[in-house]
$ cat final.txt   # compact mmCIF, C-alpha atoms
# COMPACT_ATOMS: atom_id res chain seq x y z
CA MET U 93 0.00 0.00 0.00
CA THR U 94 1.08 3.57 -0.55
CA ASP U 95 0.82 6.49 1.88
CA PHE U 96 -0.76 8.57 -0.86
CA GLN U 97 -4.54 8.21 -1.11
CA LEU U 98 -6.53 9.21 -4.17
CA GLU U 99 -9.30 11.67 -3.42
CA THR U 100 -12.15 9.24 -3.75
CA GLN U 101 -14.60 12.15 -3.63
CA ASN U 102 -12.92 13.56 -6.69
CA LEU U 103 -11.79 10.66 -8.81
CA ALA U 104 -12.52 12.51 -12.05
CA ARG U 105 -10.04 15.23 -11.14
CA SER U 106 -7.37 12.69 -10.15
CA CYS U 107 -7.99 10.92 -13.43
CA HIS U 108 -7.64 14.13 -15.45
CA GLU U 109 -4.46 15.08 -13.61
CA SER U 110 -2.98 11.62 -14.20
CA LEU U 111 -3.79 11.75 -17.93
CA ILE U 112 -2.30 15.21 -18.40
CA LEU U 113 0.88 14.47 -16.43
CA ALA U 114 1.35 11.14 -18.23
CA ILE U 115 1.18 12.80 -21.66
CA LEU U 116 3.66 15.47 -20.56
CA VAL U 117 6.22 12.78 -19.65
CA ASP U 118 6.93 12.57 -23.40
CA GLY U 119 7.68 16.29 -23.65
CA PRO U 120 6.03 19.73 -23.57
CA ARG U 121 2.60 20.08 -25.16
CA HIS U 122 0.08 22.81 -25.93
CA GLY U 123 -3.38 22.61 -24.36
CA TYR U 124 -5.15 21.50 -27.53
CA GLN U 125 -2.43 18.87 -28.16
CA LEU U 126 -3.00 17.43 -24.70
CA ALA U 127 -6.73 17.06 -25.28
CA LEU U 128 -6.31 15.50 -28.73
CA GLU U 129 -3.52 13.18 -27.62
CA ILE U 130 -5.44 11.92 -24.60
CA GLU U 131 -8.40 11.20 -26.86
CA ASP U 132 -6.14 9.50 -29.40
CA ARG U 133 -4.10 7.40 -26.96
CA SER U 134 -7.20 6.24 -25.08
CA GLY U 135 -8.76 5.08 -28.33
CA GLY U 136 -11.51 7.64 -27.86
CA SER U 137 -12.45 6.46 -24.35
CA PHE U 138 -11.53 9.82 -22.83
CA HIS U 139 -13.17 12.78 -24.54
CA PHE U 140 -11.32 15.69 -23.03
CA ASN U 141 -13.18 18.97 -23.21
CA HIS U 142 -10.92 22.02 -23.11
CA GLY U 143 -13.34 23.67 -20.76
CA THR U 144 -12.33 21.06 -18.22
CA LEU U 145 -8.71 21.20 -19.25
CA TYR U 146 -7.84 24.82 -18.40
CA PRO U 147 -8.75 24.79 -14.70
CA ILE U 148 -6.78 21.57 -14.25
CA LEU U 149 -3.76 22.86 -16.16
CA HIS U 150 -3.74 26.11 -14.23
CA LYS U 151 -4.14 24.30 -10.92
CA LEU U 152 -1.29 21.90 -11.77
CA GLU U 153 0.83 24.90 -12.69
CA SER U 154 0.04 26.80 -9.50
CA ASP U 155 0.91 23.62 -7.55
CA GLY U 156 4.27 23.53 -9.35
CA PHE U 157 3.64 20.18 -11.07
CA ILE U 158 3.84 21.65 -14.56
CA ASP U 159 5.52 24.74 -15.92
CA GLY U 160 3.79 26.93 -18.51
CA SER U 161 5.64 29.08 -20.99
CA TRP U 162 4.78 31.06 -24.10
CA ALA U 163 6.10 29.80 -27.41
CA GLU U 164 5.98 31.99 -30.51
CA PRO U 165 6.30 29.95 -33.70
CA ALA U 166 7.23 32.00 -36.78
CA GLY U 167 4.16 33.60 -38.34
CA LYS U 168 1.80 32.19 -35.74
CA ARG U 169 0.03 33.43 -32.66
CA LYS U 170 1.76 33.10 -29.29
CA ARG U 171 0.87 29.77 -27.76
CA ARG U 172 0.97 28.45 -24.25
CA GLN U 173 2.82 25.20 -23.74
CA TYR U 174 3.26 23.10 -20.64
CA ALA U 175 6.15 20.96 -19.45
CA LEU U 176 6.38 18.50 -16.60
CA THR U 177 8.44 19.57 -13.59
CA ALA U 178 10.40 17.30 -11.24
CA ALA U 179 7.62 17.74 -8.66
CA GLY U 180 5.13 16.77 -11.37
CA ARG U 181 6.98 13.51 -12.02
CA LYS U 182 6.83 12.67 -8.34
CA HIS U 183 3.14 13.57 -8.23
CA LEU U 184 2.46 11.35 -11.25
CA LYS U 185 4.20 8.45 -9.52
CA ARG U 186 2.05 9.01 -6.43
CA LEU U 187 -1.06 9.12 -8.60
CA ARG U 188 -0.07 5.86 -10.36
CA ASP U 189 0.51 4.17 -7.00
CA GLY U 190 -2.79 5.57 -5.80
CA TRP U 191 -4.65 4.20 -8.83
CA ASN U 192 -3.01 0.77 -8.40
CA ALA U 193 -4.03 0.63 -4.76
CA TYR U 194 -7.51 1.91 -5.59
CA PHE U 195 -8.20 -0.67 -8.30
CA GLU U 196 -6.65 -3.44 -6.23
CA SER U 197 -9.11 -2.63 -3.44
CA LEU U 198 -11.97 -2.32 -5.90
CA PHE U 199 -11.25 -5.69 -7.53
CA ASN U 200 -10.92 -7.29 -4.12
CA VAL U 201 -14.56 -6.41 -3.64
CA ILE U 202 -16.11 -6.82 -7.06
CA GLY U 203 -13.70 -9.43 -8.46
CA ARG U 204 -12.04 -9.40 -11.87
CA SER U 205 -13.90 -10.31 -15.03
CA GLU U 206 -13.11 -13.78 -16.38
CA ALA U 207 -10.92 -13.91 -19.44
CA MET T 1351 -9.21 39.14 -33.04
CA SER T 1352 -10.06 36.63 -35.76
CA ARG T 1353 -13.22 34.58 -36.29
CA PHE T 1354 -13.46 33.73 -32.60
CA ASN T 1355 -13.82 37.32 -31.45
CA VAL T 1356 -17.41 36.97 -30.25
CA PHE T 1357 -16.72 33.68 -28.47
CA LEU T 1358 -13.66 35.12 -26.70
CA HIS T 1359 -15.51 38.29 -25.75
CA ARG T 1360 -18.34 36.23 -24.28
CA THR T 1361 -15.93 34.01 -22.34
CA GLY T 1362 -14.02 37.05 -21.10
CA GLU T 1363 -17.22 38.59 -19.74
CA ARG T 1364 -17.78 35.47 -17.64
CA LEU T 1365 -14.26 35.54 -16.19
CA ALA T 1366 -14.41 37.75 -13.11
CA LEU T 1367 -10.65 38.30 -12.88
CA PRO T 1368 -8.25 41.26 -13.10
CA LYS T 1369 -7.78 42.45 -16.67
CA ALA T 1370 -4.22 41.18 -17.07
CA THR T 1371 -4.95 37.68 -15.78
CA ARG T 1372 -8.12 37.47 -17.86
CA SER T 1373 -6.22 38.56 -20.97
CA LEU T 1374 -3.59 35.86 -20.52
CA ILE T 1375 -6.26 33.19 -20.20
CA LEU T 1376 -8.08 34.48 -23.27
CA VAL T 1377 -4.89 34.46 -25.33
CA GLU T 1378 -4.33 30.84 -24.34
CA ILE T 1379 -7.89 29.94 -25.31
CA ALA T 1380 -7.59 31.90 -28.58
CA SER T 1381 -4.46 30.05 -29.67
CA ASP T 1382 -6.03 26.67 -28.83
CA LEU T 1383 -9.15 27.65 -30.78
CA GLU T 1384 -7.06 28.46 -33.84
CA GLU T 1385 -5.13 25.20 -33.60
CA LEU T 1386 -8.29 23.14 -33.14
CA PHE T 1387 -9.87 24.97 -36.08
CA ASN T 1388 -6.87 24.10 -38.28
CA HIS T 1389 -7.00 20.51 -37.03
CA TYR T 1390 -10.66 20.12 -37.97
CA VAL T 1391 -10.18 21.81 -41.35
CA GLN T 1392 -7.39 19.32 -42.08
CA GLN T 1393 -9.81 16.54 -41.17
CA GLY T 1394 -12.07 17.73 -43.99
CA LEU T 1395 -14.62 19.90 -42.20
CA SER T 1396 -15.73 23.18 -43.78
CA GLU T 1397 -14.45 26.36 -42.13
CA ASP T 1398 -17.83 27.07 -40.52
CA GLU T 1399 -18.13 23.52 -39.21
CA ALA T 1400 -14.53 23.55 -37.96
CA ALA T 1401 -15.07 26.87 -36.16
CA ALA T 1402 -18.28 25.65 -34.54
CA ARG T 1403 -16.61 22.37 -33.50
CA ALA T 1404 -13.59 24.20 -32.05
CA GLU T 1405 -15.84 26.55 -30.04
CA GLU T 1406 -17.89 23.62 -28.80
CA LYS T 1407 -14.70 21.84 -27.71
CA VAL T 1408 -13.30 24.85 -25.88
CA ASP T 1409 -16.55 26.15 -24.39
CA MET T 1410 -16.35 26.26 -20.62
CA SER T 1411 -19.12 25.43 -18.20
CA ASP T 1412 -19.99 27.84 -15.40
CA GLU T 1413 -18.38 25.40 -12.95
CA ALA T 1414 -15.13 25.32 -14.95
CA LEU T 1415 -15.07 29.12 -15.15
CA ALA T 1416 -15.75 29.42 -11.43
CA GLU T 1417 -12.92 26.97 -10.76
CA LEU T 1418 -10.58 29.00 -12.97
CA VAL T 1419 -11.55 32.19 -11.14
CA ARG T 1420 -11.01 30.47 -7.79
CA ILE T 1421 -7.53 29.30 -8.84
CA HIS T 1422 -6.51 32.77 -9.94
CA SER T 1423 -8.19 34.68 -7.12
CA ASP T 1424 -7.11 35.03 -3.54
CA ALA T 1425 -6.92 37.78 -0.99
CA ARG T 1426 -5.04 39.82 -3.55
CA GLY T 1427 -8.24 40.87 -5.36
CA TRP T 1428 -8.80 44.11 -3.48
CA THR T 1429 -5.08 44.85 -3.08
CA ASP T 1430 -4.74 44.43 -6.83
CA ARG T 1431 -7.32 47.09 -7.47
CA ILE T 1432 -5.69 49.48 -5.00
CA VAL T 1433 -2.24 49.06 -6.51
CA ARG T 1434 -3.49 49.57 -10.06
CA ARG T 1435 -5.61 52.55 -9.09
CA VAL T 1436 -2.88 54.47 -7.32
CA GLN T 1437 0.03 53.80 -9.61
CA PRO T 1438 2.13 55.23 -11.00
CA PHE T 1439 1.62 58.91 -10.02
CA TRP T 1440 0.23 58.39 -6.52
CA GLU T 1441 2.67 55.57 -5.93
CA ARG T 1442 5.53 58.04 -6.06
CA ILE T 1443 3.82 60.53 -3.78
CA ALA T 1444 2.86 57.82 -1.27
CA MET T 1445 6.37 56.40 -1.40
CA ALA T 1446 7.89 59.86 -0.77
CA LEU T 1447 5.56 60.47 2.19
CA ILE T 1448 6.21 57.06 3.71
CA VAL T 1449 9.97 57.39 3.35
CA PHE T 1450 9.82 60.89 4.86
CA PHE T 1451 7.78 59.59 7.79
CA PHE T 1452 10.08 56.62 8.19
CA ILE T 1453 13.22 58.78 8.35
CA SER T 1454 11.56 61.32 10.66
CA ALA T 1455 10.38 58.62 13.03
CA LEU T 1456 13.83 57.02 13.06
CA ALA T 1457 15.52 60.38 13.72
CA LEU T 1458 13.06 61.15 16.52
CA GLY T 1459 13.64 57.76 18.12
CA THR T 1460 17.41 58.21 18.02
CA ASP T 1461 17.19 61.78 19.31
CA MET T 1462 15.13 60.77 22.32
CA LYS T 1463 17.59 57.98 23.08
CA LEU T 1464 14.64 55.61 23.13
CA LEU T 1465 16.78 52.96 21.55
CA ALA T 1466 18.79 52.59 24.77
CA HIS T 1467 15.66 51.31 26.54
CA LEU T 1468 14.69 48.59 24.07
CA THR T 1469 13.30 45.38 25.54
CA GLY T 1470 14.42 41.85 24.65
CA PHE T 1471 11.60 41.63 22.10
CA ILE T 1472 13.66 43.78 19.77
CA TRP T 1473 15.63 40.70 18.63
CA PRO T 1474 12.75 38.83 16.96
CA ILE T 1475 11.69 42.14 15.41
CA LEU T 1476 15.18 42.68 14.02
CA GLY T 1477 15.08 39.09 12.74
CA ILE T 1478 11.84 39.91 10.92
CA LEU T 1479 13.46 43.05 9.47
CA LEU T 1480 16.38 40.95 8.19
CA ALA T 1481 13.95 38.44 6.63
CA LEU T 1482 12.10 41.35 5.04
CA VAL T 1483 15.28 42.78 3.48
CA VAL T 1484 16.35 39.35 2.16
CA SER T 1485 12.86 38.60 0.84
CA PHE T 1486 12.66 42.00 -0.89
CA ILE T 1487 16.05 41.57 -2.58
CA VAL T 1488 15.18 38.02 -3.71
CA GLN T 1489 11.81 39.17 -5.12
CA MET T 1490 13.32 42.14 -6.97
CA THR T 1491 16.03 39.91 -8.45
CA ARG T 1492 13.41 37.36 -9.52
CA LEU T 1493 11.26 40.05 -11.14
CA SER T 1494 14.24 41.40 -13.07
CA ASP T 1495 14.72 37.90 -14.57
CA HIS T 1496 11.34 38.17 -16.40
CA PRO T 1497 9.61 35.20 -14.82
CA SER T 1498 6.57 33.46 -16.28
CA PRO T 1499 3.52 35.79 -15.96
CA ARG T 1500 1.73 33.22 -13.81
CA ARG T 1501 4.63 33.00 -11.37
CA LEU T 1502 4.94 36.76 -10.91
CA ARG T 1503 2.85 36.74 -7.75
CA ASP T 1504 4.66 33.88 -6.04
CA ASN T 1505 5.55 34.95 -2.50
CA LEU T 1506 4.27 38.47 -3.15
CA ALA T 1507 2.41 38.48 0.17
CA THR T 1508 5.58 37.66 2.16
CA PRO T 1509 6.28 41.31 3.15
CA LEU T 1510 2.71 41.64 4.41
CA PHE T 1511 3.06 38.54 6.57
CA LEU T 1512 6.38 39.80 7.92
CA GLY T 1513 4.86 43.21 8.68
CA ALA T 1514 1.99 41.55 10.53
CA ALA T 1515 4.47 39.35 12.41
CA SER T 1516 6.41 42.45 13.50
CA LEU T 1517 3.23 44.04 14.86
CA VAL T 1518 2.21 40.85 16.67
CA VAL T 1519 5.65 40.54 18.30
CA GLY T 1520 5.67 44.25 19.21
CA PHE T 1521 2.23 44.25 20.84
CA ALA T 1522 2.64 40.84 22.47
CA GLY T 1523 6.02 41.96 23.84
CA THR T 1524 4.44 45.11 25.25
CA GLY T 1525 1.77 43.08 26.99
CA ILE T 1526 4.26 40.61 28.45
CA GLU T 1527 6.65 43.35 29.64
CA LEU T 1528 3.77 45.26 31.23
CA TYR T 1529 2.59 42.14 33.02
CA ARG T 1530 6.08 41.36 34.34
CA THR T 1531 6.56 44.94 35.56
CA LEU T 1532 3.18 45.08 37.25
CA MET T 1533 4.05 41.88 39.11
CA ARG T 1534 7.35 43.43 40.22
CA MET T 1535 5.62 46.66 41.21
CA ALA T 1536 3.24 44.68 43.38
CA ALA T 1537 6.17 42.90 45.03
CA GLU T 1538 8.32 46.06 45.39
CA PRO T 1539 5.90 49.01 45.83
CA GLU T 1540 8.76 51.31 46.86
CA HIS T 1541 10.29 50.99 43.37
CA ALA T 1542 6.99 51.28 41.52
CA ALA T 1543 7.63 54.67 39.94
CA PRO T 1544 11.06 53.95 38.38
CA LEU T 1545 9.91 50.48 37.29
CA PHE T 1546 6.86 51.95 35.58
CA ALA T 1547 8.91 54.64 33.85
CA LYS T 1548 11.37 52.03 32.63
CA VAL T 1549 8.72 49.72 31.18
CA VAL T 1550 6.92 52.58 29.45
CA LEU T 1551 10.16 53.77 27.84
CA GLY T 1552 11.22 50.25 26.84
CA ASN T 1553 7.84 49.34 25.40
CA THR T 1554 7.52 52.63 23.54
CA ALA T 1555 10.92 52.15 21.92
CA THR T 1556 10.31 48.52 20.99
CA LEU T 1557 6.82 49.18 19.71
CA ALA T 1558 8.10 52.13 17.65
CA ILE T 1559 10.65 49.85 15.94
CA ALA T 1560 7.97 47.16 15.39
CA LEU T 1561 5.72 49.76 13.76
CA LEU T 1562 8.57 51.03 11.58
CA VAL T 1563 9.35 47.47 10.44
CA ALA T 1564 5.64 46.95 9.63
CA LEU T 1565 5.66 50.22 7.72
CA ALA T 1566 8.78 49.17 5.81
CA ALA T 1567 7.05 45.86 5.03
CA GLY T 1568 4.08 47.79 3.64
CA VAL T 1569 6.37 49.89 1.46
CA ALA T 1570 8.20 46.76 0.24
CA TRP T 1571 4.91 45.09 -0.67
CA PHE T 1572 3.66 48.25 -2.38
CA VAL T 1573 6.79 48.50 -4.53
CA LEU T 1574 6.71 44.79 -5.44
CA ALA T 1575 2.98 44.77 -6.16
CA GLY T 1576 3.29 47.85 -8.34
CA ARG T 1577 6.13 46.26 -10.30
CA VAL T 1578 4.20 43.00 -10.73
CA ALA T 1579 1.11 44.90 -11.91
CA ARG T 1580 3.18 46.73 -14.52
CA PHE T 1581 4.72 43.43 -15.69
CA GLU T 1582 1.27 41.89 -16.02
CA ASP T 1583 -0.18 44.82 -17.92
CA HIS T 1584 2.81 44.83 -20.25
CA ALA T 1585 2.57 41.06 -20.73
CA ALA T 1586 -1.16 41.28 -21.45
CA SER T 1587 -0.77 44.05 -24.01
CA THR T 1588 2.06 42.15 -25.73
CA PHE T 1589 0.24 38.83 -25.79
CA LEU T 1590 -2.93 40.35 -27.15
CA GLU T 1591 -1.24 41.49 -30.34
CA VAL T 1592 -3.11 39.98 -33.26
CA LYS T 1593 -1.07 37.70 -35.45

$ encode --input "final.txt" --output "structure tokens"
Amino acid sequence: MTDFQLETQNLARSCHESLILAILVDGPRHGYQLALEIEDRSGGSFHFNHGTLYPILHKLESDGFIDGSWAEPAGKRKRRQYALTAAGRKHLKRLRDGWNAYFESLFNVIGRSEA
Amino acid sequence: MSRFNVFLHRTGERLALPKATRSLILVEIASDLEELFNHYVQQGLSEDEAAARAEEKVDMSDEALAELVRIHSDARGWTDRIVRRVQPFWERIAMALIVFFFISALALGTDMKLLAHLTGFIWPILGILLALVVSFIVQMTRLSDHPSPRRLRDNLATPLFLGAASLVVGFAGTGIELYRTLMRMAAEPEHAAPLFAKVVLGNTATLAIALLVALAAGVAWFVLAGRVARFEDHAASTFLEVK
């Protein structure tokens, strides 16, 4: 078991945070890229609305888990991109451990589906 | 600002945040809208369909907007308005008055030799003053390094906390010293008068320094907040340039 406990009252938020941080492990991304990539990688299971994305991104940034910066590609509008910080990596690990423990407990109760 | 002008204007009206912060958020949304629009056009949608789809994707619920406002709002809301309202003209006048008062008070304290009667509570107050000086230098250095607009306000409230701490120590020290002296006066009534005079002098001197440190903390915060506000306004005006 891990010391870190997922906020069971707010699993959706923990899920969103985990998805965003996991995508950022591969390198900095813009907001729209994050949403599209999460949708793509999950095979369409997670439809990420940007309206949900911004509060989570800004909260993660204010917590120091991601770092936002402005990029200015030639001939294009300034764009905000986010990169994972060292604290963010640690937080992602805690979230992963939390999810493992959570599902382990859940399956202990409901059992796993038969193959 | 492009085809999404109405959408951005509508979103901006629902964001109850200071202008600079709101502008930065809108610029972020605007760039994502453009990228999503391009993405959908590349997928074969017409421009109208792509624009509608991008707006639908980025549209924020009232809950999401409230959450965003909560993240970006704290006790600084009213202080923000004060700082923006008084700068830059009144900032200079207020600064000049405060510095004048600070120097006058210091000169008066020295002249009356109050400093010779300071109580032991002066040491934590001087510690707070040292922390204030270090914090101010660190903040000014950080601001001169052009930090990310969202990190500008990190630790901005530190001078205010230090000023409050100085006042708490000053007043608590006065209370404790008074209590101790009263106990001694009760035990040694023949020395009551000199003991009382001594505690009044000591407390006055210590409290005066505590007040000056709190005042200095207020000035430090005012200068830092003014600088941050200017950075934010500059950042907002730069980011809002239409490409």

$ closest_residue --input "final.txt" --among "U:Leu116, U:Ile148, U:Leu198, U:Ala193" --to "Ala104 (chain U)" --atoms "all atoms listed in the file"
U:Ile148

$ atom_distance --input "final.txt" --atom1 "CA of Tyr124 (chain U)" --atom2 "CA of Ala1416 (chain T)"
20.8 Å

$ interface_residues --input "final.txt" --of "chain U" --to "chain T" --cutoff "6 Å" --atoms "all atoms listed in the file" --output "PyMOL selection string"
chain U and resi 124+141-143+147+169+171-172

$ atom_distance --input "final.txt" --atom1 "CA of Leu1557 (chain T)" --atom2 "CA of Leu1510 (chain T)"
17.5 Å

$ closest_residue --input "final.txt" --among "U:Gly123, U:Gly156, U:Gly135, U:Gly203" --to "Arg181 (chain U)" --atoms "all atoms listed in the file"
U:Gly156

$ atom_distance --input "final.txt" --atom1 "CA of Leu1565 (chain T)" --atom2 "CA of Ala1547 (chain T)"
26.7 Å

$ closest_residue --input "final.txt" --among "U:Leu113, U:Leu145, U:Ile202, U:Leu103" --to "Ala127 (chain U)" --atoms "all atoms listed in the file"
U:Leu145

$ residues_around --input "final.txt" --residues "Val1519 (chain T)" --least-positions-apart "4" --cutoff "12 Å" --atoms "only C-alpha atoms" --output "mmCIF file with C-alpha atoms, in the coordinates of the input"
data_model
loop_
_atom_site.group_PDB
_atom_site.id
_atom_site.type_symbol
_atom_site.label_atom_id
_atom_site.label_comp_id
_atom_site.auth_asym_id
_atom_site.auth_seq_id
_atom_site.Cartn_x
_atom_site.Cartn_y
_atom_site.Cartn_z
ATOM 1 C CA THR T 1469 13.300 45.380 25.540
ATOM 2 C CA GLY T 1470 14.420 41.850 24.650
ATOM 3 C CA PHE T 1471 11.600 41.630 22.100
ATOM 4 C CA ILE T 1472 13.660 43.780 19.770
ATOM 5 C CA TRP T 1473 15.630 40.700 18.630
ATOM 6 C CA PRO T 1474 12.750 38.830 16.960
ATOM 7 C CA ILE T 1475 11.690 42.140 15.410
ATOM 8 C CA LEU T 1476 15.180 42.680 14.020
ATOM 9 C CA GLY T 1477 15.080 39.090 12.740
ATOM 10 C CA ILE T 1478 11.840 39.910 10.920
ATOM 11 C CA LEU T 1512 6.380 39.800 7.920
ATOM 12 C CA GLY T 1513 4.860 43.210 8.680
ATOM 13 C CA ALA T 1514 1.990 41.550 10.530
ATOM 14 C CA ALA T 1515 4.470 39.350 12.410
ATOM 15 C CA GLY T 1523 6.020 41.960 23.840
ATOM 16 C CA THR T 1524 4.440 45.110 25.250
ATOM 17 C CA GLY T 1525 1.770 43.080 26.990
ATOM 18 C CA ILE T 1526 4.260 40.610 28.450
ATOM 19 C CA GLU T 1527 6.650 43.350 29.640
ATOM 20 C CA ASN T 1553 7.840 49.340 25.400
ATOM 21 C CA THR T 1556 10.310 48.520 20.990
ATOM 22 C CA LEU T 1557 6.820 49.180 19.710
ATOM 23 C CA ALA T 1558 8.100 52.130 17.650
ATOM 24 C CA ILE T 1559 10.650 49.850 15.940
ATOM 25 C CA ALA T 1560 7.970 47.160 15.390
ATOM 26 C CA LEU T 1561 5.720 49.760 13.760
ATOM 27 C CA VAL T 1563 9.350 47.470 10.440
ATOM 28 C CA ALA T 1564 5.640 46.950 9.630
#

$ closest_residue --input "final.txt" --among "T:Leu1367, T:Thr1554, T:Ala1536, T:Asn1355" --to "His1467 (chain T)" --atoms "only C-alpha atoms"
T:Thr1554

$ axis_aligned_box --input "final.txt" --around "region 123-134 of chain U" --padding-each-side "8 Å" --output "lines of an AutoDock Vina configuration file"
center_x = -5.4
center_y = 14.4
center_z = -26.9
size_x = 22.0
size_y = 32.4
size_z = 21.0

$ closest_residue --input "final.txt" --among "T:Leu1562, T:Tyr1390, T:Leu1482, T:Val1573" --to "Ala1457 (chain T)" --atoms "all atoms listed in the file"
T:Leu1562

$ decode --input "final.txt" --residues "region 1475-1489 of chain T" --atoms "C-alpha atoms" --output "mmCIF file, in the first residue's frame"
data_model
loop_
_atom_site.group_PDB
_atom_site.id
_atom_site.type_symbol
_atom_site.label_atom_id
_atom_site.label_comp_id
_atom_site.auth_asym_id
_atom_site.auth_seq_id
_atom_site.Cartn_x
_atom_site.Cartn_y
_atom_site.Cartn_z
ATOM 1 C CA ILE T 1475 11.688 42.145 15.413
ATOM 2 C CA LEU T 1476 15.181 42.684 14.016
ATOM 3 C CA GLY T 1477 15.078 39.085 12.736
ATOM 4 C CA ILE T 1478 11.841 39.908 10.922
ATOM 5 C CA LEU T 1479 13.464 43.049 9.475
ATOM 6 C CA LEU T 1480 16.378 40.949 8.189
ATOM 7 C CA ALA T 1481 13.954 38.441 6.634
ATOM 8 C CA LEU T 1482 12.098 41.349 5.037
ATOM 9 C CA VAL T 1483 15.275 42.779 3.484
ATOM 10 C CA VAL T 1484 16.353 39.352 2.157
ATOM 11 C CA SER T 1485 12.856 38.602 0.836
ATOM 12 C CA PHE T 1486 12.661 42.000 -0.891
ATOM 13 C CA ILE T 1487 16.050 41.567 -2.576
ATOM 14 C CA VAL T 1488 15.179 38.020 -3.715
ATOM 15 C CA GLN T 1489 11.815 39.168 -5.118
#
